[in-house]
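Text of structure-v1.cif, listed as mmCIF, C-alpha atoms (C1' of nucleotides):
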data_coords
#
loop_
_atom_site.label_atom_id
_atom_site.label_comp_id
_atom_site.auth_asym_id
_atom_site.auth_seq_id
_atom_site.Cartn_x
_atom_site.Cartn_y
_atom_site.Cartn_z
CA MET Y 322 187.02 -34.85 107.27
CA PRO Y 323 188.15 -33.05 110.43
CA ALA Y 324 184.60 -32.12 111.29
CA ALA Y 325 183.74 -35.65 112.23
CA ASP Y 326 186.82 -35.78 114.39
CA ALA Y 327 185.85 -32.68 116.35
CA ARG Y 328 182.35 -34.05 116.67
CA ALA Y 329 183.66 -37.29 118.14
CA ARG Y 330 185.77 -35.36 120.62
CA ARG Y 331 182.81 -33.26 121.72
CA MET Y 332 180.75 -36.39 122.11
CA GLU Y 333 183.36 -38.06 124.26
CA GLU Y 334 183.73 -34.93 126.34
CA ARG Y 335 180.02 -34.71 126.93
CA ARG Y 336 179.81 -38.36 127.76
CA GLN Y 337 182.40 -37.84 130.45
CA ARG Y 338 180.51 -34.85 131.79
CA ILE Y 339 177.44 -37.03 132.19
CA LEU Y 340 179.42 -39.62 134.11
CA ASP Y 341 181.05 -36.99 136.31
CA ALA Y 342 177.73 -35.33 137.05
CA ALA Y 343 176.13 -38.67 137.87
CA ARG Y 344 178.90 -39.63 140.22
CA ALA Y 345 179.01 -36.25 141.93
CA THR Y 346 175.24 -36.15 142.35
CA ALA Y 347 175.21 -39.69 143.71
CA GLU Y 348 177.94 -39.00 146.22
CA ASP Y 349 176.05 -35.93 147.27
CA GLY Y 350 172.55 -37.27 147.72
CA GLY Y 351 172.50 -40.96 146.85
CA TRP Y 352 171.66 -42.65 143.59
CA ALA Y 353 167.99 -41.99 144.09
CA SER Y 354 168.68 -38.32 143.59
CA VAL Y 355 170.34 -39.00 140.26
CA THR Y 356 167.34 -38.39 138.02
CA SER Y 357 167.39 -38.02 134.28
CA ARG Y 358 166.08 -34.47 134.53
CA ARG Y 359 168.64 -33.38 137.06
CA LEU Y 360 171.40 -35.01 135.07
CA ALA Y 361 170.28 -33.35 131.86
CA ASP Y 362 170.17 -30.05 133.68
CA ALA Y 363 173.67 -30.52 135.02
CA ILE Y 364 175.16 -30.94 131.57
CA GLY Y 365 173.03 -28.23 130.03
CA TYR Y 366 171.04 -30.45 127.68
CA SER Y 367 167.67 -32.11 127.65
CA GLN Y 368 166.96 -35.64 128.73
CA PRO Y 369 166.97 -37.40 125.35
CA VAL Y 370 170.62 -36.45 124.94
CA LEU Y 371 171.44 -38.77 127.81
CA TYR Y 372 169.90 -41.66 125.96
CA GLY Y 373 171.96 -40.84 122.92
CA HIS Y 374 175.06 -41.54 124.95
CA PHE Y 375 173.69 -44.27 127.17
CA PRO Y 376 170.84 -46.12 125.46
CA GLY Y 377 170.47 -48.25 128.56
CA GLY Y 378 169.47 -45.20 130.54
CA LYS Y 379 170.25 -44.76 134.17
CA THR Y 380 171.28 -48.38 134.55
CA GLU Y 381 173.96 -48.10 131.91
CA ILE Y 382 175.24 -44.87 133.40
CA MET Y 383 175.58 -46.52 136.79
CA ARG Y 384 177.31 -49.50 135.29
CA THR Y 385 179.81 -47.29 133.56
CA VAL Y 386 180.51 -45.40 136.75
CA ALA Y 387 180.89 -48.71 138.54
CA LEU Y 388 183.41 -49.91 136.00
CA ALA Y 389 185.62 -46.92 136.68
CA GLY Y 390 185.23 -47.65 140.36
CA PHE Y 391 186.62 -51.13 139.96
CA ALA Y 392 189.70 -49.76 138.26
CA GLU Y 393 190.22 -47.26 141.06
CA LEU Y 394 189.72 -49.82 143.78
CA THR Y 395 192.18 -52.17 142.15
CA ALA Y 396 194.71 -49.36 141.93
CA ALA Y 397 194.20 -48.48 145.58
CA THR Y 398 194.67 -52.13 146.53
CA ARG Y 399 197.86 -52.46 144.54
CA ALA Y 400 199.24 -49.23 145.95
CA ALA Y 401 198.62 -50.40 149.50
CA ALA Y 402 200.33 -53.72 148.87
CA SER Y 403 203.37 -52.39 147.07
CA GLY Y 404 206.55 -52.52 149.10
CA ARG Y 405 204.99 -54.74 151.74
CA ALA Y 406 204.60 -58.46 152.25
CA GLY Y 407 202.99 -60.87 154.64
CA ARG Y 408 200.76 -59.62 157.36
CA PRO Y 409 201.65 -55.93 156.97
CA ALA Y 410 200.62 -56.17 153.34
CA VAL Y 411 197.32 -57.81 154.20
CA THR Y 412 196.65 -55.22 156.87
CA ALA Y 413 197.40 -52.35 154.54
CA VAL Y 414 195.22 -53.77 151.80
CA ALA Y 415 192.32 -54.34 154.15
CA ALA Y 416 192.55 -50.81 155.50
CA ALA Y 417 192.82 -49.38 151.99
CA TYR Y 418 189.80 -51.33 150.83
CA LEU Y 419 187.67 -50.13 153.72
CA ASP Y 420 188.90 -46.58 153.29
CA PHE Y 421 188.00 -46.64 149.64
CA ALA Y 422 184.49 -47.87 150.31
CA ALA Y 423 184.00 -45.31 153.05
CA ALA Y 424 185.37 -42.45 150.99
CA HIS Y 425 183.20 -43.14 147.94
CA PRO Y 426 180.01 -44.70 149.27
CA ALA Y 427 177.91 -44.01 146.20
CA LEU Y 428 180.59 -45.32 143.90
CA TYR Y 429 180.92 -48.46 145.97
CA GLU Y 430 177.17 -48.83 145.96
CA ALA Y 431 177.11 -48.68 142.18
CA MET Y 432 179.82 -51.31 142.06
CA PHE Y 433 178.07 -53.85 144.21
CA GLN Y 434 174.62 -53.03 145.36
CA LEU Y 435 172.39 -51.50 142.79
CA PRO Y 436 172.88 -53.56 139.66
CA LEU Y 437 172.20 -56.77 141.47
CA ASP Y 438 170.26 -58.21 138.60
CA VAL Y 439 172.51 -56.76 135.96
CA HIS Y 440 175.20 -59.18 135.09
CA PHE Y 441 178.50 -57.81 134.06
CA ALA Y 442 178.60 -59.29 130.65
CA SER Y 443 181.05 -57.11 128.79
CA ASP Y 444 184.64 -58.17 128.45
CA ASP Y 445 185.85 -54.92 129.92
CA SER Y 446 184.05 -55.40 133.17
CA GLU Y 447 185.02 -59.03 133.37
CA ALA Y 448 188.67 -58.13 132.98
CA GLU Y 449 188.40 -55.30 135.47
CA LEU Y 450 186.85 -57.57 138.05
CA ARG Y 451 189.43 -60.26 137.56
CA ALA Y 452 192.23 -57.74 137.94
CA GLY Y 453 190.87 -56.65 141.32
CA PHE Y 454 190.46 -60.23 142.43
CA ASP Y 455 193.98 -61.11 141.35
CA ALA Y 456 195.38 -58.16 143.25
CA LEU Y 457 193.84 -59.52 146.44
CA ALA Y 458 194.97 -63.05 145.68
CA SER Y 459 198.58 -62.04 145.19
CA VAL Y 460 198.64 -60.25 148.53
CA LEU Y 461 197.36 -63.35 150.24
CA GLY Y 462 199.69 -65.61 148.34
CA ASP Y 463 196.65 -67.59 147.25
CA ASP Y 464 197.82 -69.85 144.47
CA GLY Y 465 195.17 -72.46 145.15
CA GLY Y 466 191.62 -72.51 143.86
CA GLY Y 467 190.88 -69.00 145.05
CA ALA Y 468 188.66 -69.91 147.95
CA VAL Y 469 190.90 -68.06 150.41
CA THR Y 470 190.75 -64.92 148.32
CA GLU Y 471 187.01 -65.26 148.02
CA ALA Y 472 186.71 -65.47 151.78
CA PHE Y 473 189.00 -62.51 152.33
CA TRP Y 474 187.15 -60.42 149.79
CA SER Y 475 183.88 -61.39 151.41
CA ALA Y 476 185.10 -60.14 154.76
CA LEU Y 477 186.20 -56.81 153.31
CA HIS Y 478 183.03 -56.38 151.32
CA GLY Y 479 180.75 -57.26 154.19
CA MET Y 480 182.64 -55.05 156.59
CA SER Y 481 182.40 -52.11 154.23
CA LEU Y 482 178.66 -52.46 153.97
CA LEU Y 483 178.02 -53.08 157.62
CA GLU Y 484 180.16 -50.13 158.60
CA ARG Y 485 178.27 -47.95 156.20
CA ALA Y 486 174.93 -49.20 157.48
CA GLY Y 487 176.00 -48.17 160.96
CA ARG Y 488 176.04 -51.70 162.29
CA MET Y 489 179.64 -51.83 163.36
CA ARG Y 490 181.13 -49.65 166.05
CA PRO Y 491 183.44 -47.24 164.27
CA GLU Y 492 186.02 -47.24 167.04
CA HIS Y 493 186.51 -50.97 166.54
CA ARG Y 494 187.65 -50.55 162.99
CA PRO Y 495 191.39 -51.06 163.70
CA ALA Y 496 190.62 -54.12 165.79
CA ARG Y 497 188.53 -55.57 162.98
CA VAL Y 498 191.25 -54.96 160.44
CA ALA Y 499 193.79 -56.59 162.76
CA GLU Y 500 191.53 -59.61 163.21
CA VAL Y 501 191.03 -60.09 159.52
CA ALA Y 502 194.69 -59.59 158.75
CA ALA Y 503 195.77 -62.01 161.43
CA ARG Y 504 193.39 -64.66 160.19
CA PHE Y 505 194.12 -64.30 156.51
CA SER Y 506 197.87 -63.96 156.48
CA GLY Y 507 199.88 -67.14 156.58
CA MET A 136 132.76 -54.22 174.09
CA PRO A 137 133.53 -57.32 172.05
CA ALA A 138 133.10 -55.40 168.82
CA ALA A 139 136.30 -53.49 169.34
CA ASP A 140 138.04 -56.75 170.08
CA ALA A 141 136.93 -58.34 166.84
CA ARG A 142 137.91 -55.20 165.02
CA ALA A 143 141.40 -55.30 166.49
CA ARG A 144 141.74 -58.92 165.46
CA ARG A 145 140.66 -58.16 161.91
CA MET A 146 143.12 -55.30 161.81
CA GLU A 147 145.98 -57.47 162.98
CA GLU A 148 145.02 -60.15 160.50
CA ARG A 149 144.98 -57.71 157.64
CA ARG A 150 148.25 -56.20 158.73
CA GLN A 151 149.82 -59.63 158.54
CA ARG A 152 148.31 -60.19 155.12
CA ILE A 153 150.01 -57.03 153.91
CA LEU A 154 153.34 -58.22 155.23
CA ASP A 155 152.91 -61.66 153.75
CA ALA A 156 151.93 -60.26 150.38
CA ALA A 157 154.86 -57.86 150.41
CA ARG A 158 157.29 -60.60 151.24
CA ALA A 159 155.89 -63.03 148.70
CA THR A 160 155.84 -60.43 145.96
CA ALA A 161 159.39 -59.38 146.78
CA GLU A 162 160.69 -62.93 146.72
CA ASP A 163 158.94 -63.40 143.42
CA GLY A 164 160.01 -60.32 141.52
CA GLY A 165 162.20 -58.19 143.73
CA TRP A 166 161.29 -55.27 145.93
CA ALA A 167 160.90 -53.01 142.92
CA SER A 168 157.85 -55.00 141.98
CA VAL A 169 156.27 -54.43 145.37
CA THR A 170 154.16 -51.41 144.49
CA SER A 171 151.43 -49.92 146.60
CA ARG A 172 148.84 -50.68 143.94
CA ARG A 173 149.85 -54.30 143.57
CA LEU A 174 149.98 -54.72 147.30
CA ALA A 175 146.55 -53.18 147.73
CA ASP A 176 145.25 -55.46 145.02
CA ALA A 177 146.73 -58.51 146.69
CA ILE A 178 144.89 -57.88 149.93
CA GLY A 179 141.68 -56.82 148.21
CA TYR A 180 141.65 -53.23 149.39
CA SER A 181 142.67 -49.87 148.02
CA GLN A 182 145.97 -48.18 148.57
CA PRO A 183 145.08 -45.85 151.44
CA VAL A 184 144.34 -48.88 153.58
CA LEU A 185 148.04 -49.71 153.45
CA TYR A 186 148.88 -46.36 154.93
CA GLY A 187 146.41 -46.91 157.71
CA HIS A 188 148.46 -49.87 158.82
CA PHE A 189 151.87 -48.55 157.88
CA PRO A 190 151.97 -44.75 157.92
CA GLY A 191 155.57 -44.87 156.82
CA GLY A 192 154.52 -46.44 153.54
CA LYS A 193 156.64 -48.89 151.65
CA THR A 194 159.67 -48.15 153.79
CA GLU A 195 157.91 -49.10 156.98
CA ILE A 196 156.53 -52.26 155.41
CA MET A 197 160.01 -53.30 154.37
CA ARG A 198 161.40 -52.53 157.76
CA THR A 199 158.74 -54.65 159.41
CA VAL A 200 159.48 -57.52 157.07
CA ALA A 201 163.17 -57.10 157.79
CA LEU A 202 162.56 -57.27 161.51
CA ALA A 203 160.90 -60.64 161.15
CA GLY A 204 163.83 -61.70 159.03
CA PHE A 205 166.30 -60.95 161.80
CA ALA A 206 164.34 -63.12 164.18
CA GLU A 207 164.33 -65.96 161.67
CA LEU A 208 168.00 -65.65 160.91
CA THR A 209 168.87 -65.65 164.58
CA ALA A 210 166.77 -68.77 165.07
CA ALA A 211 168.47 -70.49 162.14
CA THR A 212 171.86 -69.58 163.56
CA ARG A 213 171.00 -70.91 167.00
CA ALA A 214 169.59 -74.10 165.55
CA ALA A 215 172.74 -74.73 163.56
CA ALA A 216 174.94 -74.19 166.60
CA SER A 217 172.96 -76.28 169.03
CA GLY A 218 174.59 -79.57 169.94
CA ARG A 219 177.87 -78.55 168.39
CA ALA A 220 181.00 -76.76 169.56
CA GLY A 221 184.29 -75.54 168.21
CA ARG A 222 184.95 -75.68 164.53
CA PRO A 223 182.00 -77.90 163.60
CA ALA A 224 179.72 -75.33 165.24
CA VAL A 225 181.32 -72.46 163.33
CA THR A 226 181.08 -74.41 160.09
CA ALA A 227 177.43 -75.24 160.66
CA VAL A 228 176.57 -71.67 161.53
CA ALA A 229 178.35 -70.29 158.49
CA ALA A 230 176.58 -72.73 156.21
CA ALA A 231 173.23 -71.98 157.83
CA TYR A 232 173.75 -68.26 157.45
CA LEU A 233 174.59 -68.54 153.77
CA ASP A 234 171.73 -70.93 153.18
CA PHE A 235 169.33 -68.53 154.80
CA ALA A 236 170.45 -65.60 152.68
CA ALA A 237 170.30 -67.70 149.53
CA ALA A 238 166.88 -69.12 150.35
CA HIS A 239 165.27 -65.74 151.07
CA PRO A 240 167.11 -63.24 148.92
CA ALA A 241 164.45 -60.53 149.07
CA LEU A 242 164.10 -60.91 152.80
CA TYR A 243 167.83 -60.63 153.24
CA GLU A 244 167.87 -57.63 150.98
CA ALA A 245 165.27 -55.90 153.13
CA MET A 246 167.35 -56.68 156.19
CA PHE A 247 170.56 -55.18 154.93
CA GLN A 248 170.46 -53.49 151.62
CA LEU A 249 167.49 -51.35 150.99
CA PRO A 250 167.00 -49.31 154.12
CA LEU A 251 170.56 -48.14 154.10
CA ASP A 252 169.65 -44.68 155.22
CA VAL A 253 166.97 -45.82 157.58
CA HIS A 254 168.43 -46.30 160.98
CA PHE A 255 166.99 -48.98 163.14
CA ALA A 256 165.89 -46.79 165.95
CA SER A 257 163.20 -48.81 167.65
CA ASP A 258 163.99 -50.89 170.68
CA ASP A 259 162.55 -53.98 169.06
CA SER A 260 164.92 -53.92 166.17
CA GLU A 261 167.85 -53.03 168.36
CA ALA A 262 167.17 -56.02 170.57
CA GLU A 263 166.63 -58.29 167.59
CA LEU A 264 169.92 -57.25 166.07
CA ARG A 265 171.80 -57.71 169.28
CA ALA A 266 170.35 -61.17 169.71
CA GLY A 267 171.63 -62.20 166.32
CA PHE A 268 175.02 -60.75 167.02
CA ASP A 269 175.22 -62.50 170.38
CA ALA A 270 174.32 -65.79 168.79
CA LEU A 271 177.32 -65.48 166.52
CA ALA A 272 179.56 -64.33 169.34
CA SER A 273 178.71 -67.30 171.51
CA VAL A 274 179.53 -69.72 168.73
CA LEU A 275 182.92 -68.11 168.29
CA GLY A 276 183.51 -67.93 172.00
CA ASP A 277 184.12 -64.23 171.58
CA ASP A 278 184.10 -62.76 175.05
CA GLY A 279 186.33 -59.86 174.11
CA GLY A 280 185.31 -56.57 172.60
CA GLY A 281 183.37 -58.18 169.79
CA ALA A 282 185.83 -57.43 167.02
CA VAL A 283 186.17 -61.11 166.17
CA THR A 284 182.43 -61.48 165.86
CA GLU A 285 182.23 -58.37 163.76
CA ALA A 286 184.83 -59.78 161.41
CA PHE A 287 183.09 -63.14 161.21
CA TRP A 288 179.75 -61.53 160.57
CA SER A 289 181.34 -59.37 157.90
CA ALA A 290 182.66 -62.42 156.11
CA LEU A 291 179.28 -64.13 156.15
CA HIS A 292 177.44 -61.02 155.08
CA GLY A 293 179.84 -60.21 152.28
CA MET A 294 179.86 -63.77 151.05
CA SER A 295 176.07 -63.86 150.94
CA LEU A 296 175.92 -60.76 148.81
CA LEU A 297 178.75 -61.69 146.48
CA GLU A 298 177.29 -65.13 145.94
CA ARG A 299 173.97 -63.60 145.13
CA ALA A 300 175.52 -61.09 142.76
CA GLY A 301 177.07 -63.98 140.90
CA ARG A 302 180.61 -63.00 141.75
CA MET A 303 181.66 -66.16 143.53
CA ARG A 304 181.86 -69.52 141.88
CA PRO A 305 179.02 -71.57 143.35
CA GLU A 306 180.98 -74.80 143.36
CA HIS A 307 183.53 -73.21 145.71
CA ARG A 308 180.97 -72.61 148.39
CA PRO A 309 182.04 -75.52 150.64
CA ALA A 310 185.67 -74.50 150.29
CA ARG A 311 184.80 -70.95 151.30
CA VAL A 312 182.86 -72.11 154.31
CA ALA A 313 185.74 -74.31 155.34
CA GLU A 314 188.19 -71.44 154.98
CA VAL A 315 186.10 -69.12 157.11
CA ALA A 316 185.44 -71.77 159.71
CA ALA A 317 189.11 -72.71 159.93
CA ARG A 318 190.16 -69.11 160.38
CA PHE A 319 187.51 -68.11 162.87
CA SER A 320 187.47 -71.11 165.19
CA GLY A 321 190.07 -71.18 167.87
"C1'" DC I 1366 171.94 -19.62 98.89
"C1'" DC I 1367 169.24 -23.87 99.44
"C1'" DC I 1368 168.51 -28.50 100.75
"C1'" DC I 1369 169.36 -32.52 103.42
"C1'" DT I 1370 171.19 -34.76 107.42
"C1'" DT I 1371 172.10 -34.71 112.09
"C1'" DT I 1372 171.32 -32.97 116.49
"C1'" DT I 1373 168.40 -31.18 119.99
"C1'" DC I 1374 164.13 -30.04 122.22
"C1'" DT I 1375 159.24 -30.02 123.47
"C1'" DA I 1376 155.66 -32.54 124.94
"C1'" DG I 1377 153.85 -36.48 126.47
"C1'" DC I 1378 153.05 -41.52 128.26
"C1'" DA I 1379 152.94 -44.88 131.77
"C1'" DT I 1380 154.24 -45.85 136.37
"C1'" DT I 1381 155.58 -44.74 140.97
"C1'" DG I 1382 154.57 -43.31 146.21
"C1'" DC I 1383 151.39 -40.97 148.59
"C1'" DT I 1384 147.10 -38.11 150.09
"C1'" DA I 1385 142.75 -35.19 150.40
"C1'" DG I 1386 137.91 -35.34 150.08
"C1'" DA I 1387 133.85 -37.81 148.95
"C1'" DT I 1388 131.36 -42.13 149.91
"C1'" DT I 1389 129.93 -46.01 152.04
"C1'" DA I 1390 129.47 -49.10 155.83
"C1'" DT I 1391 129.05 -49.75 160.87
"C1'" DC I 1392 127.80 -48.92 165.36
"C1'" DT I 1393 125.17 -46.34 168.99
"C1'" DA I 1394 121.31 -44.15 170.94
"C1'" DG I 1395 116.46 -43.17 171.18
"C1'" DC B 238 113.69 -50.30 164.01
"C1'" DT B 239 115.38 -46.12 162.65
"C1'" DA B 240 118.11 -41.64 162.63
"C1'" DG B 241 122.44 -39.80 163.33
"C1'" DA B 242 127.19 -39.97 164.38
"C1'" DT B 243 131.43 -42.37 163.79
"C1'" DA B 244 134.58 -45.15 161.57
"C1'" DA B 245 136.23 -47.44 157.46
"C1'" DT B 246 137.02 -47.38 152.64
"C1'" DC B 247 137.31 -45.71 147.98
"C1'" DT B 248 137.80 -42.57 144.04
"C1'" DA B 249 140.43 -39.34 142.01
"C1'" DG B 250 144.29 -36.81 141.80
"C1'" DC B 251 149.22 -34.72 142.59
"C1'" DA B 252 154.05 -34.53 141.85
"C1'" DA B 253 157.97 -37.08 140.43
"C1'" DT B 254 160.11 -40.81 137.97
"C1'" DG B 255 162.30 -43.25 133.50
"C1'" DC B 256 161.87 -43.10 128.97
"C1'" DT B 257 160.40 -41.87 123.95
"C1'" DA B 258 158.03 -40.13 119.60
"C1'" DG B 259 157.64 -36.40 116.65
"C1'" DA B 260 158.51 -31.45 115.95
"C1'" DA B 261 162.00 -27.87 115.65
"C1'" DA B 262 166.53 -26.15 115.07
"C1'" DA B 263 171.21 -26.37 113.69
"C1'" DG B 264 174.75 -27.66 110.76
"C1'" DG B 265 177.37 -29.00 106.56
"C1'" DG B 266 177.71 -30.02 101.29
"C1'" DG B 267 176.37 -28.77 96.78
#
Starting from the coordinates I provided, produce the structure as structure tokens.
Amino acid sequence: MPAADARARRMEERRQRILDAARATAEDGGWASVTSRRLADAIGYSQPVLYGHFPGGKTEIMRTVALAGFAELTAATRAAASGRAGRPAVTAVAAAYLDFAAAHPALYEAMFQLPLDVHFASDDSEAELRAGFDALASVLGDDGGGAVTEAFWSALHGMSLLERAGRMRPEHRPARVAEVAARFSG
Amino acid sequence: MPAADARARRMEERRQRILDAARATAEDGGWASVTSRRLADAIGYSQPVLYGHFPGGKTEIMRTVALAGFAELTAATRAAASGRAGRPAVTAVAAAYLDFAAAHPALYEAMFQLPLDVHFASDDSEAELRAGFDALASVLGDDGGGAVTEAFWSALHGMSLLERAGRMRPEHRPARVAEVAARFSG
DNA sequence: CCCCTTTTCTAGCATTGCTAGATTATCTAG
DNA sequence: CTAGATAATCTAGCAATGCTAGAAAAGGGG
């Protein structure tokens, strides 16, 4: 039955359109402006269609967007580290991480801020998170219990948020990166 | 006119009751559960009364709560540092900071997460923030441009949030504190 | 061509933040 | 002590939100 096949493809395509619209709207006006009505309008369907794809509603949509974000951030981290080692690698990774968060604020928000109470239970997300963590650990050469990586990640995460909140002087960004790199390499 | 005086006192008292109720409700069920109706109910008045005290609505209430939080966090930081110096001081401050964030999650959320778009424009908040920053700087002995303090603060802030989001293993907490303290003292 | 299943929409509920206008309490002046 | 003005408070409602049940439309199989 090729009909079912075409149907599945259309479904998948529409699902992706929902995610794209959500992400674009969020980057444009924050997640608060991502409403079910606006989203339905953007894809040319009515609201209940959204719930056919994402029974969990807005929360599930955000979580799905966030999951893609983790993959992208991990890729950006790996790209920054490749071909480098030691302190230059740490510096490049730190800068890449902060750039990523600054370039996609709504995406980063979905990844860390909004679903505070939602635990990432699925295997996919667990694996995606671990991959990102491991990428940081390998740059640091952290083969211990992971506490160093946790501390490094904390610094990057906190810096991203504080920069975004306007509580760090933008012109000090290179100095901050240098400080973190110096303290976490070697 | 002593009547006006008594009136002002009642007003101030009620204002504080609003803030206390907001904070208690938030710590109990998150800021999403702090609704104007529930808040009005908690203080025994109707909703418009809230707007008499806080014209900015829920946002202004949260900001006021957050302001008190900054004062408390600064005090906790200073207390942890007092009588200590060098790495023990940094360790104590880091632990105190994380303890504070963990003990008052909703308060900490109001301080940093929710009013992301709201800039702290008032002089009060500006001064309060600077005081907290300076407390950290003095522990680190940062008399430079402040980049070291910014990096240290970033690490503490990020660690608080990641711990709360369940993305750091709780049993590694002491190891993380030790890592941060080792890297940011001296 | 008709029927049955699946898809889609319309319409609505409960809740939210917030506000205008009516209502009640409080104080002042005679 | 009372009438009138002022201040405080409430009732009722608006627009927007997330989400959903039941009606309507579309589609495929006989």
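Separating C1' of DG1386 (chain I) from CA of Pro183 (chain A) is a distance of 12.8 Å.
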>> Tell me as an MDAnalysis selection string which residues belonging to chain A come within 10 Å of chain Y, counting only C-alpha atoms.
In response: chainID A and resid 165 244 247:255 264 280:304 307:315 317:319
> chain A residues within 12 Å of chain B, counting all atoms listed in the file: which ones, as a PyMOL selection string?
Replying inline: chain A and resi 139+142+146+175+179-185+187
Same residues, C-alpha atoms, saved as an mmCIF file, in the frame of the given file:
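Saved the output as out-v4.cif:
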data_model
loop_
_atom_site.group_PDB
_atom_site.id
_atom_site.type_symbol
_atom_site.label_atom_id
_atom_site.label_comp_id
_atom_site.auth_asym_id
_atom_site.auth_seq_id
_atom_site.Cartn_x
_atom_site.Cartn_y
_atom_site.Cartn_z
ATOM 1 C CA ALA A 139 136.300 -53.490 169.340
ATOM 2 C CA ARG A 142 137.910 -55.200 165.020
ATOM 3 C CA MET A 146 143.120 -55.300 161.810
ATOM 4 C CA ALA A 175 146.550 -53.180 147.730
ATOM 5 C CA GLY A 179 141.680 -56.820 148.210
ATOM 6 C CA TYR A 180 141.650 -53.230 149.390
ATOM 7 C CA SER A 181 142.670 -49.870 148.020
ATOM 8 C CA GLN A 182 145.970 -48.180 148.570
ATOM 9 C CA PRO A 183 145.080 -45.850 151.440
ATOM 10 C CA VAL A 184 144.340 -48.880 153.580
ATOM 11 C CA LEU A 185 148.040 -49.710 153.450
ATOM 12 C CA GLY A 187 146.410 -46.910 157.710
#
> Quick one, how far is CA of Asp259 (chain A) from CA of Gly204 (chain A)?
Replying inline: 12.7 Å
> Taking all atoms listed in the file into account, what are the residues of chain A at most 10 Å from chain I, put as number ranges by chain?
Replying inline: A: 138, 170-172, 182-183, 186, 192-193
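CA of Ala392 (chain Y) to CA of Ala417 (chain Y) spans 14.1 Å [interatomic distance, one decimal].
Running the PyMOL selection byres ((chain A and resi 148-157) around 7) on this file leaves A:Arg144, A:Arg145, A:Met146, A:Glu147, A:Arg158, A:Ala159, A:Thr160, A:Ala161, A:Val169, A:Leu174, A:Ala177, A:Ile178, A:His188, A:Ile196, A:Val200 selected.
Residue nearest Gly164 (chain A), chosen from A:Ala224, A:Gly218, A:Pro240, A:Gly321 and counting only C-alpha atoms: A:Pro240.
Residue neighbourhood of region 213-217 of chain A, excluding near-sequence residues (fewer than 6 positions): Pro223, Ala224, Val225, Thr226, Ala227, Val228, Ala229, Ala230, Ala231, Tyr232, Gly267, Ala270, Leu271 and Val274 of chain A, at 9 Å, using all atoms listed in the file.
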